[in-house]
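Trainee: Enclosed is the structure file query_14.pdb (PDB, C-alpha atoms).
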```pdb
ATOM      1  CA  MET A   1      -7.410-150.289 176.810
ATOM      2  CA  THR A   2      -8.314-151.913 173.482
ATOM      3  CA  ALA A   3     -11.559-150.743 171.960
ATOM      4  CA  VAL A   4     -14.013-153.489 171.031
ATOM      5  CA  PRO A   5     -15.506-153.086 167.528
ATOM      6  CA  VAL A   6     -19.221-152.334 167.618
ATOM      7  CA  ASN A   7     -19.994-155.453 165.548
ATOM      8  CA  ASP A   8     -18.224-157.639 168.120
ATOM      9  CA  LEU A   9     -20.220-156.392 171.099
ATOM     10  CA  PRO A  10     -22.700-158.884 172.623
ATOM     11  CA  GLN A  11     -26.129-158.606 171.055
ATOM     12  CA  SER A  12     -29.497-159.367 172.581
ATOM     13  CA  PRO A  13     -31.528-161.972 170.646
ATOM     14  CA  VAL A  14     -33.912-159.343 169.326
ATOM     15  CA  GLU A  15     -31.066-157.066 168.249
ATOM     16  CA  LYS A  16     -29.437-159.971 166.420
ATOM     17  CA  VAL A  17     -32.644-160.545 164.428
ATOM     18  CA  ARG A  18     -32.906-156.818 163.700
ATOM     19  CA  ARG A  19     -29.374-156.758 162.287
ATOM     20  CA  THR A  20     -30.175-159.822 160.174
ATOM     21  CA  ALA A  21     -33.380-158.194 158.926
ATOM     22  CA  THR A  22     -31.437-155.077 157.926
ATOM     23  CA  ARG A  23     -28.959-157.169 155.916
ATOM     24  CA  LEU A  24     -31.773-159.150 154.291
ATOM     25  CA  LEU A  25     -33.544-155.948 153.284
ATOM     26  CA  GLY A  26     -30.395-154.898 151.438
ATOM     27  CA  SER A  27     -30.154-158.298 149.781
ATOM     28  CA  SER A  28     -33.824-158.111 148.744
ATOM     29  CA  SER A  29     -33.227-154.813 146.980
ATOM     30  CA  ARG A  30     -30.193-156.191 145.120
ATOM     31  CA  ASN A  31     -31.081-159.808 144.422
ATOM     32  CA  SER A  32     -34.753-160.167 143.586
ATOM     33  CA  TYR A  33     -36.420-161.510 140.474
ATOM     34  CA  ASP A  34     -39.508-160.434 138.599
ATOM     35  CA  PRO A  35     -41.080-163.678 137.347
ATOM     36  CA  GLU A  36     -43.175-161.717 134.857
ATOM     37  CA  LEU A  37     -39.941-160.668 133.112
ATOM     38  CA  ASP A  38     -37.428-163.351 134.056
ATOM     39  CA  ILE A  39     -39.467-166.333 132.834
ATOM     40  CA  ASP A  40     -40.415-166.828 129.199
ATOM     41  CA  TRP A  41     -44.069-167.691 129.706
ATOM     42  CA  ASP A  42     -44.669-167.943 125.956
ATOM     43  CA  ALA A  43     -42.115-170.721 125.420
ATOM     44  CA  PRO A  44     -43.711-174.031 124.396
ATOM     45  CA  VAL A  45     -44.020-176.663 127.126
ATOM     46  CA  ASP A  46     -42.402-179.904 125.968
ATOM     47  CA  LEU A  47     -44.370-182.779 127.494
ATOM     48  CA  ASP A  48     -41.615-185.250 126.571
ATOM     49  CA  LYS A  49     -39.408-183.843 129.365
ATOM     50  CA  LYS A  50     -39.450-184.963 132.986
ATOM     51  CA  PHE A  51     -40.946-182.473 135.420
ATOM     52  CA  MET A  52     -39.235-183.926 138.489
ATOM     53  CA  PRO A  53     -36.674-186.705 139.043
ATOM     54  CA  TYR A  54     -38.321-190.107 138.846
ATOM     55  CA  GLU A  55     -36.741-191.224 142.117
ATOM     56  CA  ARG A  56     -38.712-188.437 143.877
ATOM     57  CA  VAL A  57     -42.072-189.491 142.389
ATOM     58  CA  SER A  58     -44.385-191.092 144.947
ATOM     59  CA  LEU A  59     -44.799-194.423 143.116
ATOM     60  CA  TYR A  60     -41.152-194.899 142.154
ATOM     61  CA  GLY A  61     -39.876-198.343 143.153
ATOM     62  CA  THR A  62     -43.313-199.967 143.456
ATOM     63  CA  PRO A  63     -44.710-202.810 141.324
ATOM     64  CA  LEU A  64     -47.283-200.321 140.039
ATOM     65  CA  TRP A  65     -44.482-198.041 138.818
ATOM     66  CA  ASP A  66     -42.885-200.962 136.971
ATOM     67  CA  ARG A  67     -46.160-201.554 135.103
ATOM     68  CA  MET A  68     -46.503-197.920 134.032
ATOM     69  CA  THR A  69     -45.492-196.785 130.540
ATOM     70  CA  GLU A  70     -42.777-194.184 130.068
ATOM     71  CA  GLU A  71     -45.472-191.708 129.044
ATOM     72  CA  GLN A  72     -47.369-192.346 132.286
ATOM     73  CA  LYS A  73     -44.201-191.869 134.337
ATOM     74  CA  ARG A  74     -43.495-188.511 132.695
ATOM     75  CA  GLU A  75     -47.122-187.515 133.135
ATOM     76  CA  LEU A  76     -47.101-188.439 136.821
ATOM     77  CA  SER A  77     -43.959-186.337 137.312
ATOM     78  CA  ARG A  78     -45.840-183.410 135.728
ATOM     79  CA  GLN A  79     -48.916-183.878 137.891
ATOM     80  CA  GLU A  80     -46.919-184.318 141.090
ATOM     81  CA  ILE A  81     -44.763-181.223 140.600
ATOM     82  CA  ALA A  82     -47.999-179.323 139.923
ATOM     83  CA  SER A  83     -49.347-180.689 143.213
ATOM     84  CA  VAL A  84     -46.201-179.559 145.066
ATOM     85  CA  ALA A  85     -46.502-176.114 143.459
ATOM     86  CA  SER A  86     -50.201-175.958 144.356
ATOM     87  CA  THR A  87     -49.410-176.775 147.976
ATOM     88  CA  GLY A  88     -46.664-174.152 147.966
ATOM     89  CA  LEU A  89     -49.077-171.588 146.541
ATOM     90  CA  TRP A  90     -51.693-172.467 149.170
ATOM     91  CA  PHE A  91     -49.269-172.213 152.060
ATOM     92  CA  GLU A  92     -47.711-168.985 150.810
ATOM     93  CA  LEU A  93     -51.180-167.438 150.772
ATOM     94  CA  ILE A  94     -51.403-168.472 154.421
ATOM     95  CA  LEU A  95     -47.933-167.044 155.079
ATOM     96  CA  VAL A  96     -48.855-163.661 153.604
ATOM     97  CA  GLN A  97     -51.742-163.436 156.074
ATOM     98  CA  LEU A  98     -49.577-164.621 158.988
ATOM     99  CA  LEU A  99     -46.878-162.054 158.248
ATOM    100  CA  ALA A 100     -49.401-159.242 157.832
ATOM    101  CA  ARG A 101     -51.023-160.149 161.151
ATOM    102  CA  TRP A 102     -47.611-160.378 162.842
ATOM    103  CA  ALA A 103     -46.481-157.030 161.393
ATOM    104  CA  TYR A 104     -49.716-155.411 162.582
ATOM    105  CA  HIS A 105     -48.508-155.749 166.182
ATOM    106  CA  GLN A 106     -44.918-154.602 165.557
ATOM    107  CA  ASP A 107     -43.224-151.200 165.453
ATOM    108  CA  PRO A 108     -43.275-150.165 161.768
ATOM    109  CA  GLN A 109     -39.789-148.680 162.211
ATOM    110  CA  ASP A 110     -38.353-152.008 163.368
ATOM    111  CA  PRO A 111     -36.235-153.657 160.602
ATOM    112  CA  ARG A 112     -37.993-156.949 161.377
ATOM    113  CA  THR A 113     -41.327-155.386 160.462
ATOM    114  CA  LEU A 114     -39.892-153.870 157.297
ATOM    115  CA  TYR A 115     -38.417-157.210 156.301
ATOM    116  CA  ALA A 116     -41.722-159.001 156.958
ATOM    117  CA  LEU A 117     -43.377-156.530 154.572
ATOM    118  CA  ALA A 118     -40.631-157.122 151.991
ATOM    119  CA  GLU A 119     -41.208-160.855 152.340
ATOM    120  CA  ILE A 120     -44.924-160.376 151.724
ATOM    121  CA  GLY A 121     -43.956-158.744 148.430
ATOM    122  CA  ASP A 122     -41.730-161.702 147.548
ATOM    123  CA  GLU A 123     -44.428-164.202 148.438
ATOM    124  CA  THR A 124     -47.107-162.508 146.360
ATOM    125  CA  ARG A 125     -44.784-162.756 143.339
ATOM    126  CA  HIS A 126     -44.137-166.424 144.141
ATOM    127  CA  ILE A 127     -47.863-167.129 144.350
ATOM    128  CA  THR A 128     -48.365-165.553 140.923
ATOM    129  CA  MET A 129     -45.357-167.457 139.559
ATOM    130  CA  PHE A 130     -46.633-170.810 140.819
ATOM    131  CA  ALA A 131     -50.114-170.126 139.469
ATOM    132  CA  LYS A 132     -48.775-169.245 136.009
ATOM    133  CA  ALA A 133     -46.441-172.263 136.021
ATOM    134  CA  ILE A 134     -49.332-174.598 136.873
ATOM    135  CA  ALA A 135     -51.377-173.033 134.073
ATOM    136  CA  ARG A 136     -48.517-173.424 131.566
ATOM    137  CA  MET A 137     -48.144-177.082 132.537
ATOM    138  CA  GLY A 138     -51.814-177.578 131.752
ATOM    139  CA  THR A 139     -52.644-179.291 135.026
ATOM    140  CA  PRO A 140     -55.331-178.701 137.643
ATOM    141  CA  THR A 141     -54.635-176.605 140.717
ATOM    142  CA  TYR A 142     -54.503-179.263 143.403
ATOM    143  CA  ARG A 143     -56.054-178.202 146.687
ATOM    144  CA  PRO A 144     -55.700-179.743 150.137
ATOM    145  CA  ARG A 145     -58.554-181.789 151.511
ATOM    146  CA  ARG A 146     -61.527-179.720 152.595
ATOM    147  CA  TYR A 147     -61.020-180.288 156.329
ATOM    148  CA  VAL A 148     -57.338-179.293 156.002
ATOM    149  CA  HIS A 149     -58.392-176.132 154.183
ATOM    150  CA  GLU A 150     -60.763-175.259 157.026
ATOM    151  CA  LEU A 151     -58.244-176.113 159.764
ATOM    152  CA  ALA A 152     -55.752-173.820 158.020
ATOM    153  CA  ARG A 153     -58.166-170.924 158.547
ATOM    154  CA  LEU A 154     -57.939-171.551 162.289
ATOM    155  CA  TYR A 155     -54.152-171.783 162.157
ATOM    156  CA  LYS A 156     -53.636-168.551 160.244
ATOM    157  CA  ALA A 157     -56.005-166.709 162.598
ATOM    158  CA  THR A 158     -54.433-167.897 165.859
ATOM    159  CA  ALA A 159     -50.783-168.910 165.335
ATOM    160  CA  ARG A 160     -48.216-166.821 167.156
ATOM    161  CA  GLY A 161     -44.635-167.064 168.317
ATOM    162  CA  PRO A 162     -42.594-170.084 167.163
ATOM    163  CA  ALA A 163     -45.821-171.872 166.158
ATOM    164  CA  LEU A 164     -46.212-169.190 163.484
ATOM    165  CA  PHE A 165     -42.709-169.480 162.051
ATOM    166  CA  ALA A 166     -41.831-173.180 162.555
ATOM    167  CA  PRO A 167     -44.484-174.717 160.236
ATOM    168  CA  VAL A 168     -43.623-172.032 157.678
ATOM    169  CA  LEU A 169     -40.024-173.232 157.813
ATOM    170  CA  VAL A 170     -41.141-176.827 157.319
ATOM    171  CA  ALA A 171     -43.126-175.923 154.196
ATOM    172  CA  GLU A 172     -40.363-173.724 152.780
ATOM    173  CA  GLU A 173     -37.399-175.951 153.557
ATOM    174  CA  MET A 174     -38.986-179.205 152.376
ATOM    175  CA  THR A 175     -39.911-177.563 149.074
ATOM    176  CA  ASP A 176     -36.505-175.889 148.904
ATOM    177  CA  ARG A 177     -34.602-179.167 149.148
ATOM    178  CA  LEU A 178     -36.622-180.733 146.349
ATOM    179  CA  GLN A 179     -36.175-177.655 144.172
ATOM    180  CA  ARG A 180     -32.418-177.464 144.733
ATOM    181  CA  ASP A 181     -32.165-181.067 143.570
ATOM    182  CA  MET A 182     -33.660-180.092 140.206
ATOM    183  CA  ILE A 183     -32.078-176.723 139.384
ATOM    184  CA  ASN A 184     -29.068-178.127 137.518
ATOM    185  CA  ASP A 185     -30.676-181.347 136.264
ATOM    186  CA  GLU A 186     -30.886-180.921 132.492
ATOM    187  CA  GLU A 187     -33.378-183.783 132.231
ATOM    188  CA  ILE A 188     -35.928-181.615 134.050
ATOM    189  CA  HIS A 189     -38.160-179.253 132.084
ATOM    190  CA  PRO A 190     -36.545-175.772 131.794
ATOM    191  CA  LEU A 191     -39.721-174.016 132.993
ATOM    192  CA  ILE A 192     -39.575-175.955 136.266
ATOM    193  CA  ARG A 193     -35.844-175.334 136.656
ATOM    194  CA  MET A 194     -36.267-171.557 136.260
ATOM    195  CA  VAL A 195     -39.201-171.408 138.679
ATOM    196  CA  ASN A 196     -37.129-173.409 141.153
ATOM    197  CA  ARG A 197     -34.096-171.154 140.732
ATOM    198  CA  ILE A 198     -36.086-168.005 141.506
ATOM    199  CA  HIS A 199     -37.802-169.578 144.473
ATOM    200  CA  VAL A 200     -34.597-171.019 145.980
ATOM    201  CA  VAL A 201     -32.712-167.712 145.798
ATOM    202  CA  GLU A 202     -35.462-165.677 147.435
ATOM    203  CA  GLU A 203     -36.575-168.299 149.959
ATOM    204  CA  ALA A 204     -33.027-168.471 151.340
ATOM    205  CA  ARG A 205     -33.592-165.003 152.823
ATOM    206  CA  HIS A 206     -36.983-165.956 154.250
ATOM    207  CA  VAL A 207     -35.555-169.083 155.870
ATOM    208  CA  ARG A 208     -32.729-167.140 157.517
ATOM    209  CA  PHE A 209     -35.164-164.637 159.040
ATOM    210  CA  ALA A 210     -37.648-167.277 160.221
ATOM    211  CA  ARG A 211     -34.934-169.462 161.768
ATOM    212  CA  GLU A 212     -33.632-166.576 163.845
ATOM    213  CA  GLU A 213     -37.138-165.649 164.949
ATOM    214  CA  VAL A 214     -37.824-169.234 166.056
ATOM    215  CA  THR A 215     -34.553-169.325 168.009
ATOM    216  CA  ARG A 216     -35.283-165.999 169.693
ATOM    217  CA  GLN A 217     -38.902-166.778 170.533
ATOM    218  CA  MET A 218     -38.288-170.295 171.842
ATOM    219  CA  GLY A 219     -35.952-168.737 174.411
ATOM    220  CA  ASN A 220     -38.843-166.666 175.772
ATOM    221  CA  LEU A 221     -41.325-169.532 176.301
ATOM    222  CA  GLY A 222     -42.126-171.224 179.581
ATOM    223  CA  PRO A 223     -42.668-174.989 179.937
ATOM    224  CA  ILE A 224     -46.398-174.937 179.134
ATOM    225  CA  GLY A 225     -45.881-172.594 176.207
ATOM    226  CA  LYS A 226     -43.243-174.936 174.778
ATOM    227  CA  VAL A 227     -45.561-177.944 174.968
ATOM    228  CA  ILE A 228     -48.366-176.073 173.192
ATOM    229  CA  THR A 229     -45.965-174.688 170.586
ATOM    230  CA  ASN A 230     -44.271-178.009 169.906
ATOM    231  CA  LEU A 231     -47.522-179.918 169.506
ATOM    232  CA  SER A 232     -49.264-177.316 167.343
ATOM    233  CA  SER A 233     -46.174-176.875 165.149
ATOM    234  CA  ALA A 234     -45.867-180.633 164.613
ATOM    235  CA  ILE A 235     -49.544-181.011 163.727
ATOM    236  CA  VAL A 236     -49.499-178.172 161.184
ATOM    237  CA  ALA A 237     -46.198-179.366 159.691
ATOM    238  CA  ALA A 238     -47.557-182.903 159.298
ATOM    239  CA  PHE A 239     -50.657-181.632 157.485
ATOM    240  CA  VAL A 240     -48.469-179.570 155.133
ATOM    241  CA  ALA A 241     -46.173-182.495 154.330
ATOM    242  CA  ASP A 242     -49.112-184.849 153.769
ATOM    243  CA  SER A 243     -50.789-182.341 151.424
ATOM    244  CA  MET A 244     -47.859-182.033 149.011
ATOM    245  CA  ILE A 245     -48.956-184.928 146.788
ATOM    246  CA  SER A 246     -52.689-184.876 146.175
ATOM    247  CA  PRO A 247     -54.380-188.285 145.753
ATOM    248  CA  LYS A 248     -56.081-186.760 142.709
ATOM    249  CA  VAL A 249     -52.859-186.847 140.653
ATOM    250  CA  TYR A 250     -53.221-190.580 139.995
ATOM    251  CA  ALA A 251     -56.556-190.347 138.212
ATOM    252  CA  GLU A 252     -55.060-187.718 135.884
ATOM    253  CA  VAL A 253     -52.509-190.324 134.766
ATOM    254  CA  GLY A 254     -55.142-192.991 134.192
ATOM    255  CA  LEU A 255     -54.326-195.028 137.300
ATOM    256  CA  ASP A 256     -56.763-196.521 139.783
ATOM    257  CA  PRO A 257     -56.658-193.894 142.558
ATOM    258  CA  VAL A 258     -57.362-196.399 145.339
ATOM    259  CA  GLU A 259     -54.570-198.732 144.224
ATOM    260  CA  ALA A 260     -52.143-195.854 143.614
ATOM    261  CA  VAL A 261     -52.780-194.176 146.967
ATOM    262  CA  ARG A 262     -52.298-197.509 148.725
ATOM    263  CA  ALA A 263     -49.039-198.106 146.823
ATOM    264  CA  ALA A 264     -47.684-194.623 147.576
ATOM    265  CA  ARG A 265     -48.544-194.737 151.269
ATOM    266  CA  SER A 266     -46.745-198.057 151.701
ATOM    267  CA  ASN A 267     -43.788-197.139 149.471
ATOM    268  CA  PRO A 268     -40.477-197.096 151.429
ATOM    269  CA  ASN A 269     -38.851-194.980 148.708
ATOM    270  CA  PHE A 270     -41.547-192.311 149.026
ATOM    271  CA  HIS A 271     -41.125-192.320 152.806
ATOM    272  CA  GLU A 272     -37.372-191.907 152.383
ATOM    273  CA  THR A 273     -37.941-188.995 149.980
ATOM    274  CA  ARG A 274     -40.171-187.317 152.574
ATOM    275  CA  ARG A 275     -37.496-187.756 155.273
ATOM    276  CA  TRP A 276     -34.837-186.466 152.871
ATOM    277  CA  MET A 277     -36.895-183.357 152.117
ATOM    278  CA  ALA A 278     -37.424-182.705 155.843
ATOM    279  CA  GLU A 279     -33.932-183.628 157.044
ATOM    280  CA  LYS A 280     -32.451-180.137 157.408
ATOM    281  CA  ILE A 281     -35.455-178.493 158.998
ATOM    282  CA  MET A 282     -36.010-181.378 161.398
ATOM    283  CA  THR A 283     -32.398-181.084 162.570
ATOM    284  CA  PHE A 284     -32.954-177.372 163.212
ATOM    285  CA  LEU A 285     -36.233-177.922 165.074
ATOM    286  CA  ALA A 286     -34.603-180.627 167.191
ATOM    287  CA  ASP A 287     -31.806-178.186 168.096
ATOM    288  CA  GLN A 288     -34.469-175.730 169.271
ATOM    289  CA  GLY A 289     -36.069-178.336 171.553
ATOM    290  CA  MET A 290     -39.154-178.677 169.361
ATOM    291  CA  VAL A 291     -38.826-182.387 168.502
ATOM    292  CA  THR A 292     -39.669-184.046 171.794
ATOM    293  CA  TRP A 293     -41.024-187.360 173.047
ATOM    294  CA  TYR A 294     -44.582-186.066 172.565
ATOM    295  CA  SER A 295     -44.157-184.230 169.232
ATOM    296  CA  LYS A 296     -41.789-186.650 167.495
ATOM    297  CA  PRO A 297     -44.495-189.334 166.951
ATOM    298  CA  ILE A 298     -46.482-186.786 164.918
ATOM    299  CA  TYR A 299     -43.485-186.084 162.686
ATOM    300  CA  ARG A 300     -42.816-189.820 162.436
ATOM    301  CA  LEU A 301     -46.411-190.501 161.373
ATOM    302  CA  ALA A 302     -45.865-188.015 158.519
ATOM    303  CA  HIS A 303     -42.581-189.785 157.619
ATOM    304  CA  MET A 304     -40.558-186.650 158.354
ATOM    305  CA  VAL A 305     -38.173-188.374 160.799
TER     306      VAL A 305
END
```
Could the structure of this file be written out as structure tokens, please?

Mentor:
Amino acid sequence: MTAVPVNDLPQSPVEKVRRTATRLLGSSSRNSYDPELDIDWDAPVDLDKKFMPYERVSLYGTPLWDRMTEEQKRELSRQEIASVASTGLWFELILVQLLARWAYHQDPQDPRTLYALAEIGDETRHITMFAKAIARMGTPTYRPRRYVHELARLYKATARGPALFAPVLVAEEMTDRLQRDMINDEEIHPLIRMVNRIHVVEEARHVRFAREEVTRQMGNLGPIGKVITNLSSAIVAAFVADSMISPKVYAEVGLDPVEAVRAARSNPNFHETRRWMAEKIMTFLADQGMVTWYSKPIYRLAHMV
């Protein structure tokens, strides 16, 4: 009789996530950055560089964009990447609280719990990194609308199961795709490229863990639980996507905010950028049965599908 290697034996869903968490813990110990040391925060910030690709700026392709000076276009790229970073900072603060609350109910010896705690450490460094990057760019910290800020308090206090991890994946993977697009673009400011590089490397581990948790937990839900999860996940994800570019960025560039917001919201190129950023995560959520006839309209309203 031929012995079956231990690694080839069938694994329960929870055991599969535990094995993944163990591997990710090892990767965290070997492949983590310290933004305080790995980024030269004293280097001058050259305002003549782009801060994100023009084709990803919300007004790109509109008549308003064509009327803007080159200086205004560069400035809008700076303000918009600061808005994306501010949204990332805001949501990672939420994620730290979600993970701590989730870990509170888990066995502290479980590798999943240990990895969640390791991820909290990563996220606190990312929050500090984003805050320092925003400060070095000399821009405001853009905050979500007040009612979104208050609704987020409800979400972080009540979310559980896939509804905890799925919106986190949306926020992380949409940001990740934009950042990957800029890492090797030499036209983009080097400060932004280094921040993106650190975030992409470490978020890859977080995404792997969260995806496996969503897959495992969706398998445990009944029909009613799936409806509640799918709707709540879509609503939170839509708010996150809509918060990435603050309407306040336009006034900082000297544009009429009302005209600029109207132009951005009706801009097919901006809608396509949003769908491009969400493409990978929406495919994953659809595979998990989370993009349904009743949740898909919410994602469509946010231009994510």

Trainee: By how many Å are atom CA of A:Leu25 and atom CA of A:Tyr115 apart?

Mentor: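 Rounded to one decimal, the two atoms are 5.9 Å apart.
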
Trainee: Would you please work out which residue, of A:Leu151, A:Ala159, A:Leu231, A:Leu301, is nearest to A:Arg265 when using all atoms listed in the file?

Mentor: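 Under the stated criterion, the closest residue is A:Leu301.
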
Trainee: Taking into account all atoms listed in the file, which residue in the set A:Arg56, A:His149, A:Arg216, A:His199 is nearest to A:Phe270?

Mentor: A:Arg56

Trainee: Please identify all polymer residues within 10 Å of A:Gln72, counting only C-alpha atoms, omitting same-chain residues fewer than 6 positions from it, and present them as a PyMOL selection string.

Mentor: chain A and resi 65+78+250+252-255

Trainee: If the PyMOL selection byres ((chain A and resi 237) around 8) were run on this exact file, what residues would it hold? Put them as an MDAnalysis selection string.

Mentor: chainID A and resid 167 170:171 233:236 238:241 299

Trainee: Enumerate, as a PDB file with C-alpha atoms, in the frame of the given file, the residues matched when the PyMOL selection byres ((chain A and resi 162) around 8) is run on the file above.

Mentor:
```pdb
ATOM      1  CA  ARG A 160     -48.216-166.821 167.156  1.00  0.00           C
ATOM      2  CA  GLY A 161     -44.635-167.064 168.317  1.00  0.00           C
ATOM      3  CA  ALA A 163     -45.821-171.872 166.158  1.00  0.00           C
ATOM      4  CA  LEU A 164     -46.212-169.190 163.484  1.00  0.00           C
ATOM      5  CA  PHE A 165     -42.709-169.480 162.051  1.00  0.00           C
ATOM      6  CA  ALA A 166     -41.831-173.180 162.555  1.00  0.00           C
ATOM      7  CA  GLU A 213     -37.138-165.649 164.949  1.00  0.00           C
ATOM      8  CA  VAL A 214     -37.824-169.234 166.056  1.00  0.00           C
ATOM      9  CA  GLN A 217     -38.902-166.778 170.533  1.00  0.00           C
ATOM     10  CA  MET A 218     -38.288-170.295 171.842  1.00  0.00           C
ATOM     11  CA  THR A 229     -45.965-174.688 170.586  1.00  0.00           C
ATOM     12  CA  SER A 233     -46.174-176.875 165.149  1.00  0.00           C
TER      13      SER A 233
END
```

Trainee: Assuming the chain letters and numbering stay as they are in my file, what does the PyMOL selection byres ((chain A and resi 93-109) around 8) actually select? List them as a PyMOL selection string.

Mentor: chain A and resi 89-92+110-111+113-114+116-117+120+123-124+127+152+156-157+159-160+164+168

Trainee: In Å to one decimal, how far is atom CA of A:Glu212 from atom CA of A:Arg300?

Mentor: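 That distance, rounded to one decimal, is 25.0 Å.
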
Trainee: If you measure from atom CA of A:Arg145 to atom CA of A:Val249, what distance in Å do you get, rounded to one decimal?

Mentor: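 Straight-line distance from atom CA of A:Arg145 to atom CA of A:Val249 works out to 13.3 Å.
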
Trainee: For each of A:Gly26, A:Glu36, A:Gln288, A:Arg136, take the minimum atom-to-atom distance to A:Leu221, counting only C-alpha atoms, then give the residue where this is smallest.

Mentor: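 Ranked by minimum distance to A:Leu221, first place goes to A:Gln288.
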
Trainee: Using only C-alpha atoms, find the one residue out of A:Tyr33, A:Tyr294, A:Phe51, A:Trp41 that sits nearest to A:Ile192.

Mentor: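 Looking only at the distances to A:Ile192, the closest residue turns out to be A:Phe51.
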
Trainee: Closest to A:Ala85 among A:Arg262, A:His206, A:Arg143, A:Lys73, using all atoms listed in the file?

Mentor: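 Under the stated criterion, the closest residue is A:Arg143.
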
Trainee: Counting only C-alpha atoms, which of A:Arg153, A:Lys50, A:Arg208, A:His303 gets nearest to A:Met282?

Mentor: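 Under the stated criterion, the closest residue is A:His303.
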
Trainee: Return as JSON the box centre and box size in Å, one decimal, for an axis-aligned box around all listed atoms of stretch 165-175 of chain A padded by 5 Å per side.

Mentor:
```
{"center_x": -40.9, "center_y": -174.3, "center_z": 155.8, "size_x": 17.1, "size_y": 19.7, "size_z": 23.5}
```

Trainee: Could you tell me, as a PyMOL selection string, which residues have any atom at most 9 Å from (-47.4, -178.6, 142.4), counting all atoms listed in the file?

Mentor: chain A and resi 78-89+130+134+141-142+244-245
